[in-house]
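Quick look at protein.txt (compact mmCIF, C-alpha atoms):
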```txt
# COMPACT_ATOMS: atom_id res chain seq x y z
CA MET A 20 13.55 41.95 32.16
CA SER A 21 12.12 40.04 29.22
CA ASP A 22 9.28 41.01 26.88
CA GLY A 23 9.23 44.56 28.19
CA MET A 24 7.34 43.46 31.31
CA LEU A 25 7.77 45.62 34.34
CA ASP A 26 7.97 44.18 37.80
CA ARG A 27 6.03 45.62 40.69
CA GLU A 28 8.79 47.92 41.83
CA GLN A 29 9.30 49.37 38.35
CA MET A 30 5.57 49.83 37.95
CA ASP A 31 5.34 51.60 41.32
CA ARG A 32 8.21 53.83 40.32
CA ALA A 33 6.57 54.63 36.99
CA ILE A 34 3.35 55.67 38.74
CA ARG A 35 5.23 57.87 41.18
CA THR A 36 7.26 59.46 38.38
CA VAL A 37 4.15 60.28 36.36
CA LEU A 38 2.40 61.58 39.46
CA LYS A 39 5.24 63.90 40.36
CA ALA A 40 5.72 65.14 36.79
CA THR A 41 1.99 65.77 36.41
CA ARG A 42 1.77 67.56 39.73
CA GLU A 43 4.74 69.76 38.85
CA ASP A 44 3.44 70.46 35.36
CA LEU A 45 0.22 71.68 36.86
CA ASP A 46 2.21 73.72 39.37
CA ILE A 47 0.51 72.13 42.36
CA THR A 48 2.56 71.89 45.56
CA GLN A 49 2.69 68.70 47.62
CA LYS A 50 0.82 70.57 50.31
CA GLU A 51 -1.98 71.61 47.96
CA PHE A 52 -2.20 68.14 46.45
CA ALA A 53 -2.40 66.57 49.91
CA ARG A 54 -5.17 68.99 50.79
CA ARG A 55 -7.13 67.98 47.69
CA LEU A 56 -6.76 64.34 48.65
CA GLY A 57 -7.73 65.07 52.24
CA TRP A 58 -4.37 63.74 53.38
CA THR A 59 -1.57 65.25 55.42
CA GLN A 60 1.40 66.57 53.49
CA SER A 61 3.65 63.89 54.96
CA GLN A 62 1.27 61.10 53.87
CA PHE A 63 1.39 62.43 50.36
CA GLY A 64 5.15 62.98 50.53
CA ASP A 65 5.55 59.32 51.56
CA LEU A 66 3.48 58.18 48.60
CA GLU A 67 5.47 60.27 46.14
CA ALA A 68 8.76 59.13 47.63
CA GLY A 69 7.78 55.47 47.53
CA ARG A 70 7.54 54.99 51.28
CA ARG A 71 3.84 54.24 51.09
CA VAL A 72 2.17 51.54 49.02
CA ILE A 73 0.01 52.86 46.20
CA ARG A 74 -3.41 51.24 46.36
CA ALA A 75 -5.88 51.01 43.51
CA ALA A 76 -8.16 53.45 45.33
CA ASP A 77 -5.28 55.96 45.50
CA LEU A 78 -5.14 56.06 41.70
CA PHE A 79 -8.80 57.07 41.57
CA LEU A 80 -8.37 59.61 44.36
CA ILE A 81 -5.41 61.11 42.53
CA ALA A 82 -7.44 61.40 39.32
CA GLN A 83 -10.10 63.24 41.32
CA ALA A 84 -7.52 65.55 42.82
CA LEU A 85 -6.14 66.25 39.33
CA ASP A 86 -9.67 66.92 38.16
CA VAL A 87 -9.38 64.44 35.29
CA VAL A 88 -11.27 61.26 34.48
CA PRO A 89 -9.38 58.24 35.84
CA ASN A 90 -8.87 57.00 32.28
CA ALA A 91 -6.87 60.05 31.29
CA TRP A 92 -4.64 59.63 34.29
CA ILE A 93 -4.15 55.88 33.75
CA ARG A 94 -3.38 56.58 30.07
CA ARG A 95 -0.52 58.83 31.10
CA ILE A 96 0.97 56.05 33.19
CA GLU A 97 0.46 53.62 30.33
CA ARG A 98 2.27 55.92 27.95
CA TRP A 99 5.15 56.27 30.35
CA VAL A 100 5.36 52.52 30.84
CA ALA A 101 5.33 52.03 27.07
CA GLN A 102 8.66 53.86 26.87
CA PRO A 103 11.65 51.58 26.36
CA LEU A 104 12.68 49.97 29.61
CA ASP A 105 16.05 51.63 29.76
CA ALA A 106 14.27 54.98 30.06
CA THR A 107 13.12 53.96 33.53
CA ALA A 108 16.57 52.77 34.41
CA HIS A 109 18.13 55.96 33.13
CA LEU A 110 15.72 58.11 35.08
CA SER A 111 16.41 56.32 38.32
CA ALA A 112 20.12 56.69 37.66
CA MET A 113 19.62 60.41 37.18
CA GLN A 114 17.62 60.70 40.37
CA THR A 115 20.33 59.12 42.43
CA SER A 116 23.07 61.18 40.83
CA SER A 117 25.29 63.27 43.07
CA PRO A 118 24.77 67.01 43.37
CA ASN A 119 27.98 67.61 41.44
CA GLN A 120 26.82 65.57 38.49
CA ALA A 121 25.84 68.59 36.41
CA ASP A 122 29.32 70.02 36.72
CA SER A 123 31.04 66.78 35.84
CA PHE A 124 28.66 66.29 32.89
CA LEU A 125 29.99 69.50 31.43
CA GLN A 126 33.58 68.39 31.56
CA LEU A 127 32.80 65.37 29.44
CA PRO A 128 32.81 65.91 25.68
CA SER A 129 30.16 63.19 25.29
CA VAL A 130 27.56 65.53 26.71
CA ALA A 131 27.47 67.48 23.48
CA GLU A 132 26.23 64.41 21.65
CA PRO A 133 22.50 64.17 21.42
CA VAL A 134 21.10 61.61 23.81
CA THR A 135 19.39 58.85 21.91
CA LYS A 136 15.62 58.77 22.10
CA SER A 137 15.61 55.19 23.25
CA ALA A 138 17.72 56.10 26.25
CA VAL A 139 15.65 58.94 27.62
CA THR A 140 12.15 60.11 26.96
CA GLU A 141 11.82 63.32 25.03
CA ARG A 142 10.84 65.17 28.13
CA GLU A 143 13.74 63.95 30.23
CA ARG A 144 16.11 64.80 27.41
CA LEU A 145 14.75 68.32 27.24
CA GLU A 146 14.80 68.81 31.00
CA ARG A 147 18.39 67.66 30.97
CA THR A 148 19.25 70.03 28.14
CA ILE A 149 17.71 72.92 30.06
CA ARG A 150 19.85 72.05 33.07
CA ILE A 151 23.01 71.72 31.04
CA VAL A 152 22.47 74.99 29.20
CA LEU A 153 21.70 76.88 32.41
CA CYS A 154 24.72 75.42 34.15
CA ALA A 155 27.05 75.93 31.17
CA SER A 156 25.86 79.52 30.71
CA ARG A 157 26.49 80.25 34.36
CA MET A 158 30.00 78.84 34.10
CA HIS A 159 30.61 80.68 30.85
CA SER A 160 29.69 83.94 32.56
CA GLU A 161 32.10 82.95 35.33
CA VAL A 162 29.43 83.17 37.98
CA SER A 163 29.69 80.74 40.88
CA PRO A 164 26.56 78.95 42.14
CA GLY A 165 26.83 80.97 45.34
CA LYS A 166 27.01 84.25 43.45
CA LEU A 167 24.05 83.30 41.26
CA ALA A 168 22.05 82.35 44.36
CA GLU A 169 22.88 85.71 45.90
CA THR A 170 21.80 87.65 42.80
CA LEU A 171 18.58 85.68 42.56
CA GLY A 172 17.85 85.95 46.26
CA TRP A 173 17.86 82.14 46.44
CA THR A 174 19.76 79.76 48.63
CA ARG A 175 22.74 77.92 47.22
CA ALA A 176 20.75 74.69 47.62
CA GLN A 177 18.00 76.02 45.35
CA VAL A 178 20.49 76.70 42.57
CA SER A 179 21.97 73.26 43.04
CA SER A 180 18.50 71.63 42.95
CA LEU A 181 17.79 73.28 39.65
CA GLU A 182 21.11 72.32 38.10
CA THR A 183 20.89 68.71 39.22
CA GLY A 184 17.26 68.23 38.27
CA ARG A 185 15.71 67.87 41.68
CA ARG A 186 13.72 70.97 40.87
CA ARG A 187 12.20 71.72 37.46
CA ALA A 188 12.90 75.02 35.77
CA MET A 189 9.83 77.24 35.81
CA LEU A 190 9.46 80.00 33.23
CA THR A 191 10.21 82.59 35.92
CA ASP A 192 13.40 80.79 36.99
CA PHE A 193 14.55 80.77 33.41
CA LEU A 194 13.88 84.48 32.89
CA MET A 195 15.44 85.41 36.23
CA ILE A 196 18.59 83.42 35.55
CA ALA A 197 18.95 84.95 32.08
CA LYS A 198 18.70 88.37 33.66
CA ALA A 199 21.12 87.52 36.47
CA LEU A 200 23.67 86.26 33.93
CA ASN A 201 23.01 89.26 31.71
CA ILE A 202 22.00 87.06 28.78
CA ASP A 203 19.07 87.77 26.49
CA PRO A 204 16.41 85.21 27.53
CA ILE A 205 15.59 84.50 23.89
CA ALA A 206 19.23 83.75 23.10
CA LEU A 207 19.29 81.45 26.12
CA LEU A 208 16.15 79.68 24.93
CA GLN A 209 17.65 79.29 21.47
CA ARG A 210 20.65 77.59 23.05
CA VAL A 211 18.30 75.10 24.67
CA LEU A 212 16.44 74.46 21.39
CA ARG A 213 19.62 74.12 19.32
CA TRP A 214 21.27 71.67 21.69
CA MET B 5 19.53 94.64 41.30
CA LYS B 6 15.89 95.04 42.24
CA ASN B 7 14.89 94.17 38.68
CA THR B 8 16.26 90.66 38.96
CA GLN B 9 13.38 89.77 41.21
CA LEU B 10 10.62 88.73 38.89
CA GLY B 11 7.55 87.66 40.74
CA ARG B 12 6.07 84.33 39.77
CA ARG B 13 2.65 85.92 39.67
CA VAL B 14 3.77 88.71 37.38
CA VAL B 15 5.36 86.24 34.96
CA ALA B 16 2.38 83.89 35.15
CA GLY B 17 0.08 86.84 34.37
CA ALA B 18 2.14 88.02 31.40
CA PHE B 19 2.50 84.49 30.06
CA GLY B 20 -1.22 83.83 30.47
CA ALA B 21 -2.19 86.97 28.59
CA THR B 22 0.29 86.11 25.81
CA LEU B 23 -0.97 82.56 25.56
CA ARG B 24 -4.56 83.72 25.34
CA ALA B 25 -3.79 86.27 22.62
CA ILE B 26 -1.89 83.70 20.53
CA ARG B 27 -4.46 80.96 21.05
CA LEU B 28 -7.25 83.28 19.88
CA GLU B 29 -5.11 84.34 16.94
CA HIS B 30 -4.93 80.67 15.97
CA GLY B 31 -8.68 80.36 16.43
CA MET B 32 -8.17 77.47 18.80
CA SER B 33 -10.48 76.71 21.71
CA GLN B 34 -9.15 76.08 25.21
CA ASP B 35 -10.54 72.56 24.98
CA THR B 36 -8.65 71.81 21.77
CA LEU B 37 -5.46 73.16 23.29
CA ALA B 38 -6.01 71.00 26.37
CA ASP B 39 -6.59 67.94 24.18
CA ARG B 40 -3.51 68.55 22.10
CA CYS B 41 -1.34 68.86 25.18
CA ASP B 42 -3.09 66.07 27.05
CA PHE B 43 -3.94 68.44 29.91
CA ASP B 44 -7.12 68.45 31.84
CA ARG B 45 -9.63 70.90 30.42
CA THR B 46 -9.38 73.46 33.16
CA TYR B 47 -5.65 73.90 32.79
CA PRO B 48 -5.44 76.26 29.77
CA SER B 49 -7.99 78.52 31.42
CA LEU B 50 -5.99 78.55 34.68
CA LEU B 51 -2.82 79.35 32.74
CA GLU B 52 -4.45 82.13 30.75
CA ARG B 53 -5.77 83.75 33.89
CA GLY B 54 -2.29 83.65 35.38
CA LEU B 55 -3.39 81.28 38.14
CA ARG B 56 -0.84 78.64 37.21
CA HIS B 57 2.81 79.12 36.59
CA PRO B 58 4.28 76.94 33.82
CA THR B 59 7.53 75.01 33.73
CA LEU B 60 9.77 75.83 30.79
CA TRP B 61 9.03 72.40 29.38
CA MET B 62 5.32 73.19 29.49
CA VAL B 63 5.90 76.42 27.56
CA LEU B 64 7.64 74.47 24.80
CA ARG B 65 4.86 71.92 24.72
CA LEU B 66 2.20 74.61 24.39
CA ALA B 67 4.14 76.20 21.54
CA HIS B 68 4.25 72.84 19.81
CA ALA B 69 0.48 72.39 20.26
CA LEU B 70 -0.09 75.85 18.79
CA ASP B 71 2.22 74.94 15.92
CA MET B 72 4.45 77.95 16.46
CA GLU B 73 8.03 78.84 17.23
CA PRO B 74 8.57 78.39 20.98
CA THR B 75 10.71 81.52 21.03
CA ARG B 76 7.71 83.62 20.01
CA LEU B 77 5.75 82.67 23.13
CA VAL B 78 8.70 83.67 25.27
CA ILE B 79 9.56 86.80 23.23
CA GLU B 80 6.02 88.09 23.57
CA THR B 81 5.89 87.27 27.26
CA VAL B 82 9.15 89.13 27.82
CA GLU B 83 7.91 92.10 25.77
CA ARG B 84 4.72 92.18 27.77
CA LEU B 85 6.71 92.14 31.01
CA ARG B 86 8.86 95.02 29.73
CA ARG B 87 5.83 97.07 28.78
CA GLU B 88 4.29 96.42 32.18
CA ALA B 89 7.51 97.40 33.93
CA GLU B 90 7.66 100.65 31.99
CA SER B 91 4.09 101.70 32.54
```
Take the structure I supplied and represent it as structure tokens, if you would.
Amino acid sequence: MSDGMLDREQMDRAIRTVLKATREDLDITQKEFARRLGWTQSQFGDLEAGRRVIRAADLFLIAQALDVVPNAWIRRIERWVAQPLDATAHLSAMQTSSPNQADSFLQLPSVAEPVTKSAVTERERLERTIRIVLCASRMHSEVSPGKLAETLGWTRAQVSSLETGRRRAMLTDFLMIAKALNIDPIALLQRVLRW
Amino acid sequence: MKNTQLGRRVVAGAFGATLRAIRLEHGMSQDTLADRCDFDRTYPSLLERGLRHPTLWMVLRLAHALDMEPTRLVIETVERLRREAES
């Protein structure tokens, strides 16, 4: 892609990525967001997953649902799009990664090297660091994903979602995992920050 | 292992109270905090009242906006949770 121009598909993907990240940051479920839009949950799910075309009117409706002026919402998308192009490519690669990716990441020495800023946005880098530290700490404590799930009262799939990035780590998740692994949460946070 | 189960609401409440205390200590308004983090204006208020539960990334971003060590936000939240569990 020349001159940093995005094609329609990349632009659509950028909008969906920003929408999902914003919704998750604000801790709004798909169900709640759909309700605010006056849609069904599956309609909204289709939009977020890229199975439904995003119309101009949708962008304004989403801004309303987020309770922000449309400009603020569009600015977020702009900022995302302004990231180097390979960030988008990297993100889509991460999204299609296999569930075992986090484990195989850890076996590679290259993971310890800081990811360059041009390759991943700061946020994605940090989210990835959180995942790696959580996964590495679990392995270091010799706790299997199944055992961790059991201690947390989660399903195995929930642990896997967190470690592979399909689910973002909430503050509670972080504190619960620290407790389950018998690690001081502050020490665990410091590991994330030092990475 | 009953203690492993931390309710989202309990954590959100403790985090909200901590955030509010620290924000006031910095003499920062909710609006300024919202601007600095590029949130909508209602969000800091929702967080402080424990009505929204933050992602870890969000916690770090708030700490950055408040110009403080991210660990302090978490340390104080954890301390608050401990005090609440004891009382």
query = If we count only C-alpha atoms, what is near range 54-66 of chain A at a cut-off of 8 Å, once residues fewer than 5 positions away on the same chain are taken out, given as a list in words?
reply =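 Returned residues: Arg35, Gln49, Arg71, Val72, Ile73, Leu80, Ile81 and Ala84 of chain A.
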Checklist line | Shell around range 11-15 of chain B at 12 Å using all atoms listed in the file, local window under 3 positions removed, as number ranges by chain | finding: A: 46, 171-172, 189-195; B: 6-8, 18-23, 51-59, 78, 80-86, 88-89
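Proximity of A:Arg175, A:Lys50, A:Arg142, A:Lys166 to chain B, computed with all atoms listed in the file, is greatest for A:Arg142.
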- Query: For chain B, which residue out of A:Val178, A:Ala33, A:Ala75, A:Ala168 is the nearest one, using only C-alpha atoms?
  - Reply: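 Once distances to chain B are computed over only C-alpha atoms, the minimum belongs to A:Ala168.
The list of residues with at least one atom within 9 Å of range 28-37 of chain B, based on all atoms listed in the file and without residues fewer than 6 positions apart in the same chain, reads B:Phe43, B:Asp44, B:Arg45, B:Thr46, B:Tyr47, B:Pro48, B:Ser49, B:Leu66, B:Ala69, B:Leu70.
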A straight line from CA of Gln209 in chain A to CA of Arg187 in chain A spans 18.5 Å
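Our summary of the geometry notes that CA of Glu43 in chain A is positioned 14.4 Å from CA of Arg95 in chain A.
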**Report entry** Contacts of Leu208 in chain A within 12 Å, all atoms listed in the file, excl. fewer than 5 positions in-chain, as an MDAnalysis selection string
**Finding:** (chainID A and resid 145 148:150 152:153 156 190 193:194 196:197 202:203 213:214) or (chainID B and resid 60:61 63:64 73:79)
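Remark: for chain A, the closest of the candidate residues B:Ile26, B:Ala67, B:Met62, B:Met72 is B:Met62 (distances computed over all atoms listed in the file).
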- Work out how far CA of Arg186 in chain A is from CA of Ala40 in chain A, in Å to one decimal.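 CA of Ala40 in chain A sits 10.7 Å away from CA of Arg186 in chain A.
The smallest atom-to-atom distance between Arg65 in chain B and any of B:Ala38, B:Glu90, B:Ala25, B:Leu50, using all atoms listed in the file, is found for B:Ala38.
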For each of A:Thr183, A:Asn90, A:Thr36, A:Thr174, take the minimum atom-to-atom distance to Arg147 in chain A, counting all atoms listed in the file, then give the residue where this is smallest.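 The closest residue to Arg147 in chain A is A:Thr183.
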